[in-house]
>>> print(open('run.tsv').read())   # TSV, C-alpha atoms
chain	number	residue	atom	x	y	z
A	228	MET	CA	0.00	0.00	0.00
A	229	THR	CA	1.39	3.39	-0.96
A	230	LYS	CA	2.33	5.91	1.70
A	231	GLU	CA	0.01	8.44	0.06
A	232	PHE	CA	-2.96	6.09	0.32
A	233	LYS	CA	-2.28	5.39	4.00
A	234	ALA	CA	-1.72	9.08	4.78
A	235	GLN	CA	-5.03	9.99	3.15
A	236	TYR	CA	-6.92	7.52	5.32
A	237	SER	CA	-5.08	8.61	8.45
A	238	ALA	CA	-5.81	12.27	7.83
A	239	ASN	CA	-9.41	12.10	6.70
A	240	LEU	CA	-11.14	9.05	8.19
A	241	LEU	CA	-12.03	8.41	11.81
A	242	ARG	CA	-9.96	5.64	13.37
A	243	THR	CA	-12.92	3.40	14.14
A	244	TYR	CA	-11.32	0.45	12.35
A	245	ALA	CA	-7.92	-1.18	12.84
A	246	ARG	CA	-7.44	-1.55	9.11
A	247	TYR	CA	-5.14	-4.13	7.57
A	248	PRO	CA	-2.16	-2.63	5.69
A	249	VAL	CA	-3.59	-3.38	2.24
A	250	ALA	CA	-5.60	-1.34	-0.25
A	251	PHE	CA	-7.79	-3.47	-2.53
A	252	ILE	CA	-8.74	-1.93	-5.87
A	253	SER	CA	-10.26	-4.69	-8.04
A	254	GLY	CA	-11.77	-8.14	-7.94
A	255	LYS	CA	-13.09	-10.92	-10.13
A	256	GLY	CA	-14.93	-13.93	-8.80
A	257	SER	CA	-13.15	-15.09	-5.64
A	258	LYS	CA	-9.95	-13.15	-6.30
A	259	ILE	CA	-9.04	-9.59	-5.38
A	260	TRP	CA	-6.03	-7.41	-6.21
A	261	ASP	CA	-4.33	-4.64	-4.26
A	262	ASP	CA	-2.92	-1.34	-5.53
A	263	ALA	CA	0.44	-3.00	-6.23
A	264	GLY	CA	-1.17	-5.68	-8.42
A	265	LYS	CA	-0.78	-8.51	-5.89
A	266	GLU	CA	-3.43	-11.24	-6.11
A	267	TYR	CA	-5.33	-12.68	-3.14
A	268	ILE	CA	-7.83	-15.49	-2.70
A	269	ASP	CA	-10.89	-14.02	-0.98
A	270	PHE	CA	-12.08	-16.06	2.02
A	271	MET	CA	-13.93	-13.09	3.57
A	272	SER	CA	-16.20	-11.66	0.82
A	273	GLY	CA	-16.34	-8.25	2.47
A	274	LEU	CA	-17.53	-9.56	5.86
A	275	GLY	CA	-19.82	-12.09	4.23
A	276	VAL	CA	-21.38	-9.47	1.97
A	277	CYS	CA	-20.26	-10.33	-1.57
A	278	SER	CA	-22.36	-13.48	-1.95
A	279	VAL	CA	-21.79	-13.80	-5.70
A	280	GLY	CA	-18.15	-12.79	-5.57
A	281	HIS	CA	-16.71	-9.76	-7.29
A	282	SER	CA	-17.83	-8.26	-10.60
A	283	HIS	CA	-20.19	-11.09	-11.49
A	284	PRO	CA	-21.34	-10.19	-15.03
A	285	ASP	CA	-25.06	-10.74	-14.36
A	286	TRP	CA	-24.90	-8.66	-11.18
A	287	VAL	CA	-22.99	-5.88	-12.94
A	288	SER	CA	-25.44	-5.88	-15.86
A	289	ALA	CA	-28.46	-5.64	-13.56
A	290	ILE	CA	-26.98	-2.67	-11.70
A	291	ALA	CA	-25.90	-0.88	-14.87
A	292	ALA	CA	-29.28	-1.38	-16.53
A	293	GLN	CA	-31.16	-0.03	-13.52
A	294	ALA	CA	-28.76	2.90	-13.09
A	295	GLY	CA	-29.50	3.84	-16.71
A	296	GLU	CA	-33.24	3.88	-16.05
A	297	LEU	CA	-33.98	5.22	-12.55
A	298	SER	CA	-32.01	5.14	-9.31
A	299	HIS	CA	-34.34	6.17	-6.50
A	300	VAL	CA	-37.83	7.49	-5.84
A	301	SER	CA	-38.30	6.67	-2.11
A	302	ASN	CA	-40.78	4.45	-0.33
A	303	LEU	CA	-43.55	6.99	-0.97
A	304	TYR	CA	-44.08	5.42	-4.38
A	305	HIS	CA	-44.55	1.96	-5.86
A	306	THR	CA	-41.70	0.42	-7.83
A	307	PRO	CA	-41.68	-2.90	-9.70
A	308	GLN	CA	-38.26	-3.77	-8.27
A	309	GLY	CA	-39.28	-3.30	-4.64
A	310	GLY	CA	-42.48	-5.26	-5.04
A	311	LEU	CA	-40.81	-8.11	-6.89
A	312	LEU	CA	-37.97	-8.39	-4.40
A	313	ALA	CA	-40.42	-8.44	-1.48
A	314	GLN	CA	-42.36	-11.23	-3.19
A	315	ARG	CA	-39.20	-13.25	-3.88
A	316	LEU	CA	-38.03	-12.93	-0.26
A	317	CYS	CA	-41.43	-13.93	1.09
A	318	ASP	CA	-41.51	-16.93	-1.23
A	319	ILE	CA	-38.14	-18.29	-0.08
A	320	SER	CA	-38.69	-17.52	3.61
A	321	GLY	CA	-42.35	-18.38	4.11
A	322	MET	CA	-42.98	-14.89	5.46
A	323	SER	CA	-45.78	-12.55	4.40
A	324	ALA	CA	-44.36	-9.05	4.03
A	325	ALA	CA	-41.09	-7.12	3.91
A	326	PHE	CA	-39.70	-3.75	4.93
A	327	PHE	CA	-36.52	-2.49	3.25
A	328	ALA	CA	-33.73	-0.47	4.85
A	329	ASN	CA	-29.94	-0.16	4.41
A	330	SER	CA	-27.99	-2.01	7.10
A	331	GLY	CA	-28.21	-4.94	9.47
A	332	SER	CA	-28.54	-2.63	12.46
A	333	GLU	CA	-31.52	-0.94	10.83
A	334	ALA	CA	-33.18	-4.27	10.16
A	335	THR	CA	-32.74	-5.23	13.82
A	336	GLU	CA	-34.02	-1.83	14.98
A	337	GLY	CA	-37.13	-2.56	12.93
A	338	LEU	CA	-37.58	-5.88	14.69
A	339	ILE	CA	-37.27	-4.20	18.09
A	340	LYS	CA	-39.95	-1.63	17.23
A	341	LEU	CA	-42.15	-4.35	15.74
A	342	ALA	CA	-42.01	-6.48	18.90
A	343	ARG	CA	-42.76	-3.62	21.25
A	344	LYS	CA	-45.65	-2.28	19.20
A	345	TYR	CA	-47.20	-5.74	18.84
A	346	SER	CA	-47.06	-6.28	22.58
A	347	LYS	CA	-48.43	-2.83	23.40
A	348	ASP	CA	-51.25	-3.23	20.89
A	349	TYR	CA	-52.39	-6.52	22.39
A	350	TYR	CA	-51.27	-6.37	26.03
A	351	GLY	CA	-50.82	-2.71	26.90
A	352	ASN	CA	-47.88	-1.24	28.83
A	353	GLY	CA	-45.38	-3.17	30.97
A	354	ARG	CA	-44.60	-5.95	28.50
A	355	SER	CA	-41.66	-4.62	26.47
A	356	THR	CA	-38.54	-6.59	27.45
A	357	ILE	CA	-36.70	-8.34	24.60
A	358	LEU	CA	-34.58	-11.35	25.50
A	359	THR	CA	-31.32	-11.97	23.64
A	360	LEU	CA	-28.54	-14.49	24.16
A	361	GLU	CA	-25.14	-14.15	25.76
A	362	ASN	CA	-22.34	-13.76	23.20
A	363	SER	CA	-24.82	-12.42	20.66
A	364	PHE	CA	-24.14	-9.47	18.38
A	365	HIS	CA	-27.00	-7.44	16.90
A	366	GLY	CA	-25.48	-4.17	15.66
A	367	ASN	CA	-23.75	-0.89	16.48
A	368	THR	CA	-26.59	1.52	17.16
A	369	LEU	CA	-27.48	2.22	20.78
A	370	ALA	CA	-30.54	-0.03	20.61
A	371	THR	CA	-28.80	-2.92	18.89
A	372	LEU	CA	-25.75	-2.62	21.15
A	373	SER	CA	-28.14	-2.76	24.10
A	374	ALA	CA	-29.54	-5.95	22.60
A	375	THR	CA	-26.04	-7.40	22.11
A	376	GLY	CA	-25.12	-9.92	24.80
A	377	GLN	CA	-21.40	-9.17	25.15
A	378	PRO	CA	-20.09	-7.00	28.02
A	379	LYS	CA	-17.11	-5.84	25.94
A	380	TYR	CA	-19.49	-3.71	23.86
A	381	HIS	CA	-21.21	-2.19	26.87
A	382	HIS	CA	-18.71	0.55	27.64
A	383	ASN	CA	-18.16	4.20	26.75
A	384	PHE	CA	-21.64	4.94	25.44
A	385	GLU	CA	-23.76	4.77	28.59
A	386	PRO	CA	-26.59	4.97	29.31
A	387	PHE	CA	-27.71	2.06	27.16
A	388	LEU	CA	-31.37	1.51	26.42
A	389	PRO	CA	-33.47	-0.41	28.95
A	390	GLY	CA	-35.73	-3.26	28.00
A	391	PHE	CA	-33.22	-5.98	27.10
A	392	ARG	CA	-32.04	-9.03	29.07
A	393	HIS	CA	-29.34	-11.48	28.06
A	394	VAL	CA	-29.75	-15.18	28.88
A	395	PRO	CA	-27.29	-18.10	28.45
A	396	ILE	CA	-27.33	-19.93	25.13
A	397	ASN	CA	-28.84	-23.41	24.91
A	398	ASP	CA	-30.40	-23.01	28.37
A	399	LEU	CA	-34.15	-23.47	28.18
A	400	SER	CA	-34.64	-23.10	31.94
A	401	ALA	CA	-33.20	-19.58	31.75
A	402	LEU	CA	-35.97	-18.72	29.29
A	403	GLU	CA	-38.67	-20.42	31.31
A	404	GLU	CA	-37.72	-18.34	34.36
A	405	GLN	CA	-38.41	-15.04	32.60
A	406	GLY	CA	-41.33	-12.95	33.81
A	407	ARG	CA	-44.41	-11.31	32.38
A	408	ASP	CA	-42.55	-8.23	31.13
A	409	VAL	CA	-41.17	-10.14	28.12
A	410	CYS	CA	-42.49	-9.50	24.61
A	411	ALA	CA	-39.95	-11.24	22.36
A	412	LEU	CA	-36.91	-13.46	21.98
A	413	LEU	CA	-34.29	-12.28	19.47
A	414	ILE	CA	-31.67	-14.88	18.50
A	415	GLU	CA	-28.97	-15.68	15.98
A	416	VAL	CA	-29.33	-19.40	15.29
A	417	ILE	CA	-25.61	-19.39	14.48
A	418	GLN	CA	-23.61	-16.85	16.47
A	419	SER	CA	-20.64	-15.45	14.59
A	420	ASP	CA	-19.13	-12.40	16.28
A	421	ASN	CA	-17.24	-13.98	19.18
A	422	SER	CA	-17.03	-17.42	17.56
A	423	ILE	CA	-18.95	-19.46	14.99
A	424	THR	CA	-21.41	-21.18	17.33
A	425	PRO	CA	-24.56	-22.91	16.06
A	426	LEU	CA	-27.31	-23.20	18.67
A	427	SER	CA	-28.47	-26.71	19.50
A	428	ALA	CA	-31.44	-27.93	17.47
A	429	GLU	CA	-33.28	-29.10	20.60
A	430	TYR	CA	-32.89	-25.72	22.28
A	431	VAL	CA	-34.12	-23.75	19.27
A	432	LYS	CA	-37.11	-26.03	18.85
A	433	GLN	CA	-38.05	-25.81	22.54
A	434	ALA	CA	-37.49	-22.05	22.61
A	435	ALA	CA	-39.81	-21.67	19.62
A	436	GLU	CA	-42.50	-23.67	21.41
A	437	LEU	CA	-42.08	-21.58	24.57
A	438	CYS	CA	-42.44	-18.37	22.56
A	439	LYS	CA	-45.63	-19.68	21.00
A	440	ASP	CA	-47.08	-20.70	24.37
A	441	ARG	CA	-46.37	-17.29	25.93
A	442	ASP	CA	-46.99	-15.24	22.78
A	443	TRP	CA	-43.48	-13.87	22.75
A	444	LEU	CA	-42.42	-12.97	19.24
A	445	LEU	CA	-39.67	-15.28	17.98
A	446	MET	CA	-37.35	-13.07	15.93
A	447	VAL	CA	-34.27	-14.41	14.16
A	448	ASP	CA	-31.34	-12.15	13.32
A	449	GLU	CA	-30.31	-13.43	9.88
A	450	VAL	CA	-28.01	-10.52	9.06
A	451	GLN	CA	-25.05	-12.91	8.66
A	452	THR	CA	-26.82	-16.23	8.08
A	453	GLY	CA	-29.33	-15.05	5.49
A	454	ILE	CA	-29.33	-15.35	1.69
A	455	GLY	CA	-27.65	-18.72	1.34
A	456	ARG	CA	-24.62	-18.28	3.59
A	457	THR	CA	-25.38	-21.52	5.49
A	458	GLY	CA	-26.48	-23.59	2.48
A	459	LYS	CA	-30.16	-22.76	2.92
A	460	TRP	CA	-31.70	-19.40	2.15
A	461	PHE	CA	-31.96	-18.68	5.88
A	462	GLY	CA	-30.30	-20.12	8.94
A	463	PHE	CA	-33.60	-20.81	10.70
A	464	GLN	CA	-34.47	-23.27	7.92
A	465	HIS	CA	-31.93	-25.71	9.38
A	466	TYR	CA	-34.01	-25.85	12.57
A	467	ASP	CA	-37.56	-26.65	11.42
A	468	ILE	CA	-39.10	-23.60	13.09
A	469	GLU	CA	-41.37	-20.80	11.90
A	470	PRO	CA	-40.20	-17.43	13.26
A	471	ASP	CA	-42.56	-14.51	13.61
A	472	ALA	CA	-40.02	-12.20	11.97
A	473	ILE	CA	-36.47	-12.20	10.63
A	474	GLY	CA	-33.91	-9.52	9.82
A	475	LEU	CA	-31.38	-9.79	7.00
A	476	SER	CA	-28.76	-7.69	5.30
A	477	ARG	CA	-25.18	-8.55	4.42
A	478	GLY	CA	-25.48	-10.90	1.46
A	479	LEU	CA	-28.81	-9.57	0.20
A	480	ALA	CA	-27.51	-7.29	-2.56
A	481	SER	CA	-24.03	-8.86	-2.72
A	482	GLY	CA	-22.10	-5.67	-2.04
A	483	LEU	CA	-24.64	-2.85	-2.16
A	484	PRO	CA	-26.27	-1.50	1.02
A	485	LEU	CA	-29.67	-3.12	1.41
A	486	SER	CA	-31.38	-4.77	4.36
A	487	ALA	CA	-34.85	-5.98	5.20
A	488	PHE	CA	-36.99	-7.42	7.91
A	489	LEU	CA	-39.68	-9.92	7.03
A	490	VAL	CA	-42.81	-10.62	9.05
A	491	SER	CA	-45.32	-13.44	9.28
A	492	GLN	CA	-49.01	-13.00	8.51
A	493	LYS	CA	-49.64	-12.59	12.24
A	494	LEU	CA	-47.67	-9.33	12.21
A	495	TYR	CA	-48.76	-7.99	8.82
A	496	ASP	CA	-50.80	-5.10	10.24
A	497	VAL	CA	-48.71	-4.20	13.31
A	498	LEU	CA	-46.75	-1.39	11.69
A	499	GLY	CA	-48.82	1.17	9.83
A	500	PRO	CA	-48.21	4.55	8.16
A	501	HIS	CA	-45.65	6.70	10.07
A	502	ASP	CA	-44.69	3.83	12.42
A	503	HIS	CA	-41.43	3.12	10.58
A	504	ALA	CA	-39.50	4.57	7.64
A	505	SER	CA	-36.22	4.49	5.72
A	506	THR	CA	-35.24	7.18	3.20
A	507	PHE	CA	-33.08	4.93	1.03
A	508	GLY	CA	-35.01	1.70	1.63
A	509	ALA	CA	-35.96	-0.20	-1.53
A	510	ASN	CA	-33.48	1.84	-3.57
A	511	LEU	CA	-34.00	0.65	-7.15
A	512	ILE	CA	-30.34	-0.08	-7.91
A	513	CYS	CA	-29.91	-2.04	-4.67
A	514	CYS	CA	-33.11	-3.98	-5.36
A	515	ALA	CA	-31.88	-4.81	-8.86
A	516	ALA	CA	-28.64	-6.07	-7.34
A	517	ALA	CA	-30.58	-8.21	-4.85
A	518	LEU	CA	-32.80	-9.72	-7.55
A	519	ALA	CA	-29.70	-10.59	-9.58
A	520	THR	CA	-28.11	-12.09	-6.46
A	521	LEU	CA	-31.11	-14.38	-5.91
A	522	ASP	CA	-31.07	-15.44	-9.58
A	523	ILE	CA	-27.35	-16.27	-9.46
A	524	LEU	CA	-27.55	-18.17	-6.17
A	525	THR	CA	-30.70	-20.22	-6.84
A	526	PRO	CA	-29.05	-22.95	-8.97
A	527	ILE	CA	-25.90	-23.19	-6.82
A	528	LEU	CA	-27.45	-23.08	-3.34
A	529	PRO	CA	-27.13	-26.87	-2.78
A	530	GLU	CA	-23.38	-26.59	-3.44
A	531	VAL	CA	-22.81	-24.26	-0.48
A	532	LEU	CA	-23.12	-27.02	2.13
A	533	GLN	CA	-20.85	-29.27	0.07
A	534	LYS	CA	-18.19	-26.59	-0.28
A	535	GLY	CA	-18.26	-25.85	3.44
A	536	GLN	CA	-17.88	-29.52	4.32
A	537	TYR	CA	-15.07	-29.83	1.77
A	538	ILE	CA	-13.16	-26.95	3.42
A	539	CYS	CA	-13.59	-28.41	6.91
A	540	ASP	CA	-12.53	-31.88	5.77
A	541	LYS	CA	-9.42	-30.55	4.06
A	542	ILE	CA	-8.41	-28.52	7.14
A	543	ILE	CA	-8.90	-31.58	9.38
A	544	GLU	CA	-6.81	-33.68	6.96
A	545	MET	CA	-3.94	-31.22	7.39
A	546	ASN	CA	-3.66	-32.45	10.99
A	547	LEU	CA	-2.08	-29.21	12.13
A	548	PRO	CA	-1.15	-28.81	15.83
A	549	ALA	CA	-2.03	-25.12	15.58
A	550	ILE	CA	-5.70	-25.94	14.90
A	551	ALA	CA	-8.03	-27.12	17.66
A	552	GLU	CA	-11.28	-27.59	15.69
A	553	THR	CA	-13.54	-26.27	12.97
A	554	SER	CA	-17.16	-25.20	13.32
A	555	GLY	CA	-19.99	-23.69	11.32
A	556	VAL	CA	-22.46	-24.48	8.57
A	557	GLY	CA	-22.15	-23.95	4.82
A	558	LEU	CA	-19.66	-21.20	4.01
A	559	MET	CA	-19.84	-19.65	7.48
A	560	LEU	CA	-16.90	-21.34	9.13
A	561	GLY	CA	-14.69	-20.92	12.17
A	562	VAL	CA	-11.22	-22.38	12.72
A	563	LYS	CA	-10.30	-22.40	16.41
A	564	LEU	CA	-6.57	-21.96	17.10
A	565	ASN	CA	-4.28	-23.43	19.74
A	566	LYS	CA	-2.28	-20.73	21.54
A	567	LEU	CA	-2.12	-18.39	18.55
A	568	VAL	CA	-3.41	-14.84	18.12
A	569	PRO	CA	-5.97	-14.76	15.28
A	570	TYR	CA	-5.10	-11.24	14.14
A	571	ASP	CA	-1.42	-12.15	13.83
A	572	ILE	CA	-2.37	-15.19	11.74
A	573	THR	CA	-4.65	-13.17	9.45
A	574	LEU	CA	-1.75	-10.80	8.80
A	575	LYS	CA	0.49	-13.70	7.82
A	576	LEU	CA	-2.24	-15.19	5.65
A	577	LEU	CA	-2.77	-11.83	3.98
A	578	GLU	CA	0.94	-11.50	3.28
A	579	ALA	CA	0.84	-14.97	1.71
A	580	GLY	CA	-2.16	-14.07	-0.48
A	581	LEU	CA	-5.24	-15.22	1.45
A	582	ALA	CA	-7.78	-12.76	2.91
A	583	THR	CA	-9.55	-14.04	6.05
A	584	LEU	CA	-11.24	-12.67	9.18
A	585	THR	CA	-11.09	-13.13	12.95
A	586	ALA	CA	-13.76	-14.14	15.47
A	587	GLY	CA	-13.12	-13.48	19.14
A	588	ILE	CA	-9.79	-14.21	20.82
A	589	ASP	CA	-8.91	-17.58	19.29
A	590	GLU	CA	-10.68	-18.11	15.98
A	591	ILE	CA	-10.16	-17.49	12.28
A	592	LYS	CA	-13.40	-16.84	10.39
A	593	LEU	CA	-13.86	-18.00	6.80
A	594	LEU	CA	-16.66	-16.44	4.73
A	595	PRO	CA	-15.81	-17.05	1.05
A	596	PRO	CA	-18.14	-15.95	-1.74
A	597	LEU	CA	-20.88	-18.55	-2.22
A	598	THR	CA	-19.85	-18.80	-5.88
A	599	ILE	CA	-16.24	-19.74	-5.08
A	600	THR	CA	-14.84	-22.52	-7.26
A	601	TYR	CA	-13.16	-25.64	-5.91
A	602	LYS	CA	-10.02	-24.51	-7.73
A	603	ASP	CA	-9.95	-21.29	-5.71
A	604	ILE	CA	-10.83	-23.17	-2.52
A	605	ASP	CA	-7.87	-25.50	-3.05
A	606	GLU	CA	-5.55	-22.60	-3.81
A	607	GLY	CA	-6.69	-20.77	-0.68
A	608	LEU	CA	-6.35	-23.86	1.49
A	609	ALA	CA	-2.84	-24.47	0.17
A	610	ILE	CA	-1.88	-20.99	1.39
A	611	PHE	CA	-3.67	-21.58	4.68
A	612	GLY	CA	-1.87	-24.88	5.29
A	613	LYS	CA	1.53	-23.46	4.43
A	614	VAL	CA	1.14	-20.52	6.82
A	615	MET	CA	-0.23	-22.66	9.64
A	616	LYS	CA	2.69	-25.08	9.36
A	617	ALA	CA	5.27	-22.30	9.49
>>> encode(input="run.tsv", output="structure tokens")
Amino acid sequence: MTKEFKAQYSANLLRTYARYPVAFISGKGSKIWDDAGKEYIDFMSGLGVCSVGHSHPDWVSAIAAQAGELSHVSNLYHTPQGGLLAQRLCDISGMSAAFFANSGSEATEGLIKLARKYSKDYYGNGRSTILTLENSFHGNTLATLSATGQPKYHHNFEPFLPGFRHVPINDLSALEEQGRDVCALLIEVIQSDNSITPLSAEYVKQAAELCKDRDWLLMVDEVQTGIGRTGKWFGFQHYDIEPDAIGLSRGLASGLPLSAFLVSQKLYDVLGPHDHASTFGANLICCAAALATLDILTPILPEVLQKGQYICDKIIEMNLPAIAETSGVGLMLGVKLNKLVPYDITLKLLEAGLATLTAGIDEIKLLPPLTITYKDIDEGLAIFGKVMKA
């Protein structure tokens, strides 16, 4: 990375990220190149965002065509793209209606408002607490940080919002002990911030039944797990449950800012005019990108589970002392390390030509594009094995 590039960032951008010392400028498929022309295999896809890889021709064509027609008119008007995307998402999720926004935090904020309004409409005041799980991560706004079940995020920005309680994962008794002030349970069926941790199937099933019995809304945060990342369109579909609402974002438009929350028929009329809004929601170019993303992923979705299993099997076959275990589903994978610092390892991997991520204090996170080829997987794993043996 050039000194000029680094100086520009240092002078003009807030230091809210500990950025890696690389400047990426182009990409194709599962490969990206920096400003010096060095090639990297992409095992991160922009934090699990670039579902169809980089510069996919169908995705590019859809965006260019829409940009040449009309870019934005706001949610005050009907657009074919917004209506079609909502229908497609409802079809693949089993939900009944969608609301579009821009980021995962916004989608989760929408879920929070939805739960509290539903409970107030039907039960009145005093029933507004939302339960979330320990080690969860739900966003960076004050409300979503309040919902996040990790103490390390609960500093510097006090006071946080009331109305959230964090309970241990996979502990049904902790849910059963909750009182009459609860209106909803918000969960990630596969946690991914602190480590890649799938919830147990029995727990999720029993929690869903408890929510139904007590009329708590069951809301699933699918910001990371949605749009095929786990080998099904949504993570909850691995668990044979029917949530009341879900939130999604990262992979939805494969690189453009678009999020949504989807609701069941039960909640169709909870939010009315002026209850919720988003200026850039259902942006036509982003919707076109999302529709192209769904088209590209539909025929290859069954391959995602196979590719994920292939990566885990190959890492296990390496029999490396530095690796404790692998975890995850589909192409949402964690590699737990023995006595190594994940950030240090990601730097070495980056230097060797493989872009990866970290999760917590002892895990490497792998989130390749869902379209990655086995050739690129093998090339990336060869780099991974070489670095981990060093």
>>> residues_around(input="run.tsv", residues="A:Glu530", least_positions_apart="2", cutoff="10 Å", atoms="all atoms listed in the file", output="PDB file with C-alpha atoms, keeping the file's coordinate frame")
ATOM      1  CA  GLY A 458     -26.480 -23.590   2.480  1.00  0.00           C
ATOM      2  CA  LEU A 524     -27.550 -18.170  -6.170  1.00  0.00           C
ATOM      3  CA  PRO A 526     -29.050 -22.950  -8.970  1.00  0.00           C
ATOM      4  CA  ILE A 527     -25.900 -23.190  -6.820  1.00  0.00           C
ATOM      5  CA  LEU A 528     -27.450 -23.080  -3.340  1.00  0.00           C
ATOM      6  CA  LEU A 532     -23.120 -27.020   2.130  1.00  0.00           C
ATOM      7  CA  GLN A 533     -20.850 -29.270   0.070  1.00  0.00           C
ATOM      8  CA  LYS A 534     -18.190 -26.590  -0.280  1.00  0.00           C
ATOM      9  CA  GLY A 535     -18.260 -25.850   3.440  1.00  0.00           C
ATOM     10  CA  GLN A 536     -17.880 -29.520   4.320  1.00  0.00           C
ATOM     11  CA  GLY A 557     -22.150 -23.950   4.820  1.00  0.00           C
ATOM     12  CA  LEU A 558     -19.660 -21.200   4.010  1.00  0.00           C
ATOM     13  CA  LEU A 597     -20.880 -18.550  -2.220  1.00  0.00           C
ATOM     14  CA  THR A 598     -19.850 -18.800  -5.880  1.00  0.00           C
TER      15      THR A 598
END
>>> closest_residue(input="run.tsv", among="A:Ala517, A:Ile417, A:Ala509, A:Leu303", to="A:Ala289", atoms="all atoms listed in the file")
A:Ala517
>>> atom_distance(input="run.tsv", atom1="atom CA of A:Ser278", atom2="atom CA of A:Gln451")
11.0 Å
>>> closest_residue(input="run.tsv", among="A:Ile468, A:Leu483, A:Leu593, A:Ala609", to="A:Val556", atoms="only C-alpha atoms")
A:Leu593
>>> closest_residue(input="run.tsv", among="A:Phe461, A:Cys317, A:Leu511, A:Leu338", to="A:Tyr304", atoms="all atoms listed in the file")
A:Leu511
>>> closest_residue(input="run.tsv", among="A:Leu426, A:Leu584, A:Ala551, A:Leu388", to="A:Ser363", atoms="all atoms listed in the file")
A:Leu426
>>> closest_residue(input="run.tsv", among="A:Ser422, A:Thr583, A:Ser332, A:Thr553", to="A:Gly366", atoms="only C-alpha atoms")
A:Ser332
>>> closest_residue(input="run.tsv", among="A:Gly453, A:Gly321, A:Gly474, A:Pro307", to="A:Thr335", atoms="only C-alpha atoms")
A:Gly474
>>> axis_aligned_box(input="run.tsv", around="stretch 504-508 of chain A", padding_each_side="6 Å", output="lines of an AutoDock Vina configuration file")
center_x = -36.3
center_y = 4.4
center_z = 4.3
size_x = 18.4
size_y = 17.5
size_z = 18.6
>>> residues_around(input="run.tsv", residues="stretch 368-383 of chain A", least_positions_apart="3", cutoff="10 Å", atoms="only C-alpha atoms", output="ChimeraX atom specification")
/A:331-336,339,357-365,386-395,413,420-421
>>> atom_distance(input="run.tsv", atom1="atom CA of A:Leu479", atom2="atom CA of A:Leu521")
8.1 Å
>>> atom_distance(input="run.tsv", atom1="atom CA of A:Ala250", atom2="atom CA of A:Ala579")
15.2 Å
>>> closest_atom_pairs(input="run.tsv", of="stretch 493-564 of chain A", to="stretch 348-352 of chain A", cutoff="12 Å", atoms="all atoms listed in the file", output="tab-separated table")
residue	atom	partner	partner_atom	distance
A:Leu494	CA	A:Asp348	CA	11.2
A:Asp496	CA	A:Asp348	CA	10.8
A:Val497	CA	A:Asp348	CA	8.1
A:Leu498	CA	A:Asp348	CA	10.4
>>> write_last_selection(input="run.tsv", atoms="C-alpha atoms", output="JSON list (two decimals), in the coordinates of the input")
[["chain", "number", "residue", "atom", "x", "y", "z"],
["A", 494, "LEU", "CA", -47.67, -9.33, 12.21],
["A", 496, "ASP", "CA", -50.80, -5.10, 10.24],
["A", 497, "VAL", "CA", -48.71, -4.20, 13.31],
["A", 498, "LEU", "CA", -46.75, -1.39, 11.69]]
